[in-house]
Structure formats: structure tokens, C-alpha cells
Amino acid sequence: MMQRILFAAACVTLASAAPRPGPRASRPRLVIVIVVDQFRPDYLQRFRPYFGTGGFNLFLRRGANFTEAEYKHAVTFTCPGHAVVLTGTYANVNGIISNQWYDSNAGRQEYCAADSSVTLIGSTDPGRSPRNLIGSTVGDELKRTSRGRSRVIAMAGKDRSAIMLGGHKADGAYWMEDSLFVTSTYYMKELPVWVQQFNASARVRSYAGKSWDRLLPMTAYAGVGPDYVQAEQNVAGMGRTFPHRLAPDTSPRFLDGFRSSPFQNEVLLDFARAAVTSEKLGEDDDPDLLALSLSANDLIGHAFGPNSHEVMDVTVRTDRLLDRFFEFLDRQIGLRQVLIVLTADHGVAPLPELARDLHPGAVRLDPARIAAAAETALRSRFGVPPGPGWLAHLSPPWLYLSVEALRQKGIAIEEAERTARDAVKGVRGVHQALTATELRQQQKDGMASGALLSFYPDRSGNIYYELKPFIVPGHEPTGTTHGSPWSYDTRVPLLWFGSSIKRGAYREATSIADIAPTLSALLGIDAPAGSRGRVLREMLR
Ligand SMILES: [Zn+2]
């Protein structure tokens, strides 16, 4: 109700300045939601001297910049991040606790976007849909309010990113498998002609054998440190330093290299342009929604870390791609009719080897050691398990106990949880560990924490743990990751541009769950069912 009133108020203000009075005139014809997969707000500051005028600077000069935006949840992975953006809620409501979890009843791992009742169109890989996403999204509410007339399209390099942004009612969610854009029978029976034509153009294959080199003169990169760092990954044999040469088309390494290069983003934005034109997005008064996620930034960040020439280069290249895309939207629809929001699904930790000077505790920690500590403690307390182990599964940050083994031996789950939790707490580098029983009690007591926002009892495990800041989980000696509750992972950009947005830098603490109710207010529709965010009214005209 509050949001309706706010929207009405926004309309009154806008109507006086708009050429055509009335609420419809102030609504955007097209909403563009851009998620950069793995992007930290410090990139906007550090690399800003190298940005052009119309990419990130469209927001920074003419739009709204929420400098203190962050995810409030603790488990900062891709699927949970994308699920927050258009539901306005966290995993405690939307159910997307991680990229995957363990289904104790079925005795198998469940992927966040898996759905065996559907198949893919254009690929033989397992079925995908938003079935595991609980509640509605901005796109779902837009489809409902417009009685299906609004178009909702989502796209990404990764399936989970496109699917979570698309919601349940998207006209199409597309992602890249091998060198093609594919979708699921969940959305349609066959690929639209424009997607078939795009695939037929063999756009991805045209990058075979190409080199990714620095966009700017070498001196521009000096500030970020050396190009060669031993702890960087040698992805697809492309080396740790520029130039990174993609393998030829015939090599199985080509696609790995392509996905870890800025070229994937180029193809995605070409695909976005094709979608705008072919789906006639923004052409009439029923607002359309195009959500896209740039996946290459993530793979590059994982391989080289946030203080690398490669991350600087892909950031500057992203700026140029956005500039061209916004120019296209201006020509095609007129930027006055477009509302754009840009954010990320998570940040990333620095390479521990580079962070150690400032943070002596920065090390790598193999999560298998945490599982081993818990299993050893359970064996010494309860003896040899009747099956393969007292632990059924490790899916960081969750350990799942074997409910079957505990039942057979008549051991209370709470008792086993406490034993495992104490063992996990004892592992050097662990910040805290909590049992599911403790989290359920905290939930009942109305407590608030990042762990609770990432907790969904039916899907979460028995023991939850967090590592100390700057400890990077993994068993490889190279690369870095995200997934922690620390600020380098939770803080992300939140940028807005549109005719109803008041320009400026906003320094209030902001949750990424605020995006969905704000978009809903601007579109004059109900906020998604589970939405817990607030309308960012301070930036509305
Ligand atoms: Zn991600």
C-alpha cells in the first residue's frame, strides 16, 4: 500500500514536467536490469579515470549511485545473489540458499536451477527452470498486472543467472551452452527465430584463436600491480600475463578460454540488442523488462583476483560495452523511456598471497579439512558409522549429517550436530559455526543475521560455518573466490538511471533487496510476494 502511495506521489510530481500528463507517461517503457557477475564498488573508483562518458559514467554523472549497497545475506554466491535482485528477498524466503545444496530425502545434490521435469532446447544437458525459486519476481508481477502484455526476457552466460532473474513467468530466459544460446521447455517449445538466427551466425566461434590484450596502454595498468602473479590461474592454457590467446576452434580448450574472456560479454550484449529489436522491447505503453547478467567478469575475477590487470581490463571493456549498448537503446527507444539499474551478485576476496602483507591471516583453506574434522569427532564420539560416514555431504558453508546413519544407531540429531559443530569451530581459520537447531531457535527468537537470511531449513544442512576474513576456501593453490559474509564479498555497486531518478550519490546503508520494491514502485505494480526491501524514495523525483 505504501508503495502504491509513493508511486502515485511520484507520478504527480513527474506529470507536471512530462509532455503527456497521466501516470502512464511517467512509467518507463523498458526496464533494463544489469547484473555484473562479481563486481566490487571499489572498481568504480579505482578504474573511473579510464571510463568513457556513456558507460558507468551515465549512472555516475546523470544517475543515482548508492555507495553503501550490499547483500545482507552471508552466503554470497551467484544463484543466491541473482535470486535477491528481482524478488526483493533473501534465501530465508526465496529458498535459494546457494548454487547447490543436498537433498537428504533423495540422497543427492540439488542444483539451484535444476528441473528434471523439463528439457533444454538446443542442448542435451539436464533440464533447468526456476522451480526452486519460491515466491514471485518483478517480472512475474509485471506479467500479471499487464495481463501478459509486458515482455520479460532474461539472459546470461550462466543458466542460473538468467533463470533467477527471469522468474516464473518470463517469456524467455536464455544462456550459453557451448557456443549457442539455449533455453528450456519450461519457457517455450522451440527457440524463437531470432535466437535461431543468432546461433546460426556462429558469433562465438568467430573468436577462435583471437587474443585478449590490454585495451589501454600498458602504463595505465601499473597502479594495480604486476601482471605476473604466481597465484593467478592459467585458464585454458592462456597464461598468467597478457596477451591471452584463445585456442583454435578445434580445441576443447577454446570454449573454456572464451568464457573466461571479455569476448563472452561482447556476444551477450549483441544478443541483448537482437532481443530488444526482435521482441520489440520498449515499443509500447506496457513496460517490458530485460534482465541480463555478464558472466565473464566472474570467471576472470576468480582466475586473476581483484588486483589484476585482467580485472581492470574487463572492467574498462565492460564500460565500453555498456556505452555502446546505452547508445543503441537511445537510438532505438530513447533513453528517456528507459529505466536502468546496475548491480552485481557478489564481490570477491583478494588472492591470499597478495593480501598477506596487510592481513597476515590470509591463507587458503581446503573445506575438506573441515568435513574431516567433523567426521573424526563424530567417529570418536559415536564409533564407526553404519554407512560410508556420519557426514552425508559437504556443500560449503553447510555440512549435512547422514540422517539415516543417526537413525539406525538411535543418536539424536541435536547431539551429533553439537559434536560436529565443536569440531568445526576447532579448525584453525573458522570464524564461527552454528547448528541448524541453533539457527532455528534464533529464527524463532526474531534475531537477524546474515546466516539467518541464508538459512532455509528444508534445504540447509546441519552445521553452518564461516571462515575468518581473507581466508580463501579451496583446494587449489591458485585463484580466488567469494561466498563469505565479509565486506569484500557483500558490498556491490547499485546504480540507477532514468527520467524519474534524482541524480546524486546516496550514502545510506542499502540492501540489494531494495531493488525489487523500488522497481515495482516505479512500474506501478505490486512488489514481489516475499519482498522485504524498502522503496529507495530518496532518489525518486
Ligand atoms: Zn557470481
# chains A, B, ... in the order shown; residues from 1 in each chain; ligands from 1
call {"tool": "residues_near_ligand", "arguments": {"ligand": "ligand 1", "cutoff": "7 Å", "atoms": "only C-alpha atoms and all ligand atoms", "output": "JSON, numbers by chain"}}
result
{"A": [37, 38, 77, 78, 298, 345, 346]}
call {"tool": "residues_around", "arguments": {"residues": "region 120-128 of chain A", "least_positions_apart": "2", "cutoff": "12 Å", "atoms": "only C-alpha atoms", "output": "VMD selection string"}}
result
chain A and resid 110 to 118 130 to 133 158 to 164 168 172 to 192 195 to 196 199 to 200
call {"tool": "residues_around", "arguments": {"residues": "region 285-297 of chain A", "least_positions_apart": "2", "cutoff": "9 Å", "atoms": "only C-alpha atoms", "output": "count of residues only"}}
result
60
call {"tool": "closest_residue", "arguments": {"among": "A:Thr478, A:Leu354, A:Ala208, A:Ala170", "to": "Ala303 (chain A)", "atoms": "only C-alpha atoms"}}
result
A:Thr478
call {"tool": "residues_around", "arguments": {"residues": "Phe47 (chain A)", "least_positions_apart": "4", "cutoff": "7 Å", "atoms": "only C-alpha atoms", "output": "PyMOL selection string"}}
result
chain A and resi 43+51+312
call {"tool": "select_by_dssp", "arguments": {"residues": "region 151-297 of chain A", "states": "strand (DSSP E)", "output": "list in words"}}
result
Val152, Ile153, Ala154, Met155, Ala156, Gly172, Ala173, Tyr174, Trp175, Met176, Glu177, Leu180, Phe181, Val182, Thr183, Ser184, Ser211, Trp212, His244, Arg245, Asp288, Leu289, Leu290, Ala291, Leu292, Ser293 and Leu294 of chain A
call {"tool": "closest_atom_pairs", "arguments": {"of": "region 440-520 of chain A", "to": "region 359-372 of chain A", "cutoff": "12 Å", "atoms": "only C-alpha atoms", "output": "CSV"}}
result
residue,atom,partner,partner_atom,distance
A:Ile463,CA,A:Ala371,CA,10.2
A:Tyr464,CA,A:Ile370,CA,11.0
A:Tyr465,CA,A:Ile370,CA,9.2
A:Glu466,CA,A:Pro367,CA,10.9
A:Leu467,CA,A:Leu365,CA,8.8
A:Lys468,CA,A:Gly361,CA,8.3
A:Pro469,CA,A:Ala362,CA,7.6
A:Phe470,CA,A:Ala362,CA,4.8
A:Ile471,CA,A:Val363,CA,5.1
A:Val472,CA,A:Arg364,CA,4.8
A:Pro473,CA,A:Leu365,CA,4.8
A:Gly474,CA,A:Asp366,CA,4.8
A:His475,CA,A:Asp366,CA,4.7
A:Glu476,CA,A:Asp366,CA,8.2
A:Pro477,CA,A:Arg364,CA,7.5
A:Thr478,CA,A:Arg364,CA,9.2
A:Gly479,CA,A:Arg364,CA,10.1
A:Thr480,CA,A:Arg364,CA,9.0
A:Thr481,CA,A:Arg364,CA,10.5
call {"tool": "write_last_selection", "arguments": {"atoms": "N, CA and C atoms", "output": "PDB file, in the first residue's frame"}}
result
ATOM      1  N   ILE A 463      25.200 -28.210  10.005  1.00  0.00           N
ATOM      2  CA  ILE A 463      26.198 -27.322  10.607  1.00  0.00           C
ATOM      3  C   ILE A 463      26.583 -26.263   9.584  1.00  0.00           C
ATOM      4  N   TYR A 464      26.492 -25.013  10.023  1.00  0.00           N
ATOM      5  CA  TYR A 464      26.846 -23.866   9.198  1.00  0.00           C
ATOM      6  C   TYR A 464      28.145 -23.277   9.723  1.00  0.00           C
ATOM      7  N   TYR A 465      29.064 -22.924   8.828  1.00  0.00           N
ATOM      8  CA  TYR A 465      30.309 -22.312   9.325  1.00  0.00           C
ATOM      9  C   TYR A 465      30.711 -21.130   8.471  1.00  0.00           C
ATOM     10  N   GLU A 466      31.480 -20.238   9.086  1.00  0.00           N
ATOM     11  CA  GLU A 466      32.058 -19.085   8.380  1.00  0.00           C
ATOM     12  C   GLU A 466      33.555 -19.087   8.632  1.00  0.00           C
ATOM     13  N   LEU A 467      34.329 -18.752   7.596  1.00  0.00           N
ATOM     14  CA  LEU A 467      35.778 -18.624   7.759  1.00  0.00           C
ATOM     15  C   LEU A 467      36.115 -17.195   8.160  1.00  0.00           C
ATOM     16  N   LYS A 468      37.290 -17.021   8.744  1.00  0.00           N
ATOM     17  CA  LYS A 468      37.730 -15.674   9.108  1.00  0.00           C
ATOM     18  C   LYS A 468      38.005 -14.850   7.841  1.00  0.00           C
ATOM     19  N   PRO A 469      37.980 -13.497   7.986  1.00  0.00           N
ATOM     20  CA  PRO A 469      38.235 -12.660   6.804  1.00  0.00           C
ATOM     21  C   PRO A 469      39.574 -12.996   6.135  1.00  0.00           C
ATOM     22  N   PHE A 470      39.586 -12.909   4.830  1.00  0.00           N
ATOM     23  CA  PHE A 470      40.770 -13.114   3.981  1.00  0.00           C
ATOM     24  C   PHE A 470      41.218 -14.572   3.878  1.00  0.00           C
ATOM     25  N   ILE A 471      40.452 -15.509   4.455  1.00  0.00           N
ATOM     26  CA  ILE A 471      40.764 -16.922   4.243  1.00  0.00           C
ATOM     27  C   ILE A 471      39.958 -17.384   3.031  1.00  0.00           C
ATOM     28  N   VAL A 472      40.661 -17.869   2.035  1.00  0.00           N
ATOM     29  CA  VAL A 472      40.012 -18.264   0.781  1.00  0.00           C
ATOM     30  C   VAL A 472      39.840 -19.783   0.767  1.00  0.00           C
ATOM     31  N   PRO A 473      38.581 -20.264   0.695  1.00  0.00           N
ATOM     32  CA  PRO A 473      38.370 -21.701   0.665  1.00  0.00           C
ATOM     33  C   PRO A 473      38.718 -22.291  -0.694  1.00  0.00           C
ATOM     34  N   GLY A 474      39.235 -23.507  -0.679  1.00  0.00           N
ATOM     35  CA  GLY A 474      39.544 -24.172  -1.941  1.00  0.00           C
ATOM     36  C   GLY A 474      40.732 -25.099  -1.755  1.00  0.00           C
ATOM     37  N   HIS A 475      40.871 -26.042  -2.675  1.00  0.00           N
ATOM     38  CA  HIS A 475      41.990 -26.972  -2.563  1.00  0.00           C
ATOM     39  C   HIS A 475      43.077 -26.684  -3.599  1.00  0.00           C
ATOM     40  N   GLU A 476      42.844 -25.645  -4.436  1.00  0.00           N
ATOM     41  CA  GLU A 476      43.841 -25.277  -5.445  1.00  0.00           C
ATOM     42  C   GLU A 476      44.786 -24.220  -4.868  1.00  0.00           C
ATOM     43  N   PRO A 477      46.028 -24.180  -5.326  1.00  0.00           N
ATOM     44  CA  PRO A 477      46.952 -23.141  -4.855  1.00  0.00           C
ATOM     45  C   PRO A 477      46.816 -21.824  -5.617  1.00  0.00           C
ATOM     46  N   THR A 478      45.861 -21.735  -6.532  1.00  0.00           N
ATOM     47  CA  THR A 478      45.727 -20.532  -7.365  1.00  0.00           C
ATOM     48  C   THR A 478      44.285 -20.040  -7.385  1.00  0.00           C
ATOM     49  N   GLY A 479      44.130 -18.789  -7.821  1.00  0.00           N
ATOM     50  CA  GLY A 479      42.799 -18.205  -7.979  1.00  0.00           C
ATOM     51  C   GLY A 479      42.199 -17.753  -6.656  1.00  0.00           C
ATOM     52  N   THR A 480      40.991 -17.213  -6.741  1.00  0.00           N
ATOM     53  CA  THR A 480      40.305 -16.753  -5.530  1.00  0.00           C
ATOM     54  C   THR A 480      38.811 -16.981  -5.681  1.00  0.00           C
ATOM     55  N   THR A 481      38.044 -16.621  -4.648  1.00  0.00           N
ATOM     56  CA  THR A 481      36.602 -16.862  -4.710  1.00  0.00           C
ATOM     57  C   THR A 481      35.848 -15.899  -3.810  1.00  0.00           C
TER      58      THR A 481
END
call {"tool": "atom_distance", "arguments": {"atom1": "CA of Phe455 (chain A)", "atom2": "CA of Ala509 (chain A)"}}
result
22.4 Å
call {"tool": "atom_distance", "arguments": {"atom1": "CA of Pro243 (chain A)", "atom2": "CA of Pro350 (chain A)"}}
result
22.3 Å
call {"tool": "select_by_dssp", "arguments": {"residues": "region 68-149 of chain A", "states": "alpha helix (DSSP H)", "output": "PyMOL selection string"}}
result
chain A and resi 78-87+91-94+138-145
call {"tool": "residues_around", "arguments": {"residues": "Asp42 (chain A)", "least_positions_apart": "4", "cutoff": "9 Å", "atoms": "only C-alpha atoms", "output": "PyMOL selection string"}}
result
chain A and resi 46-47+492-493
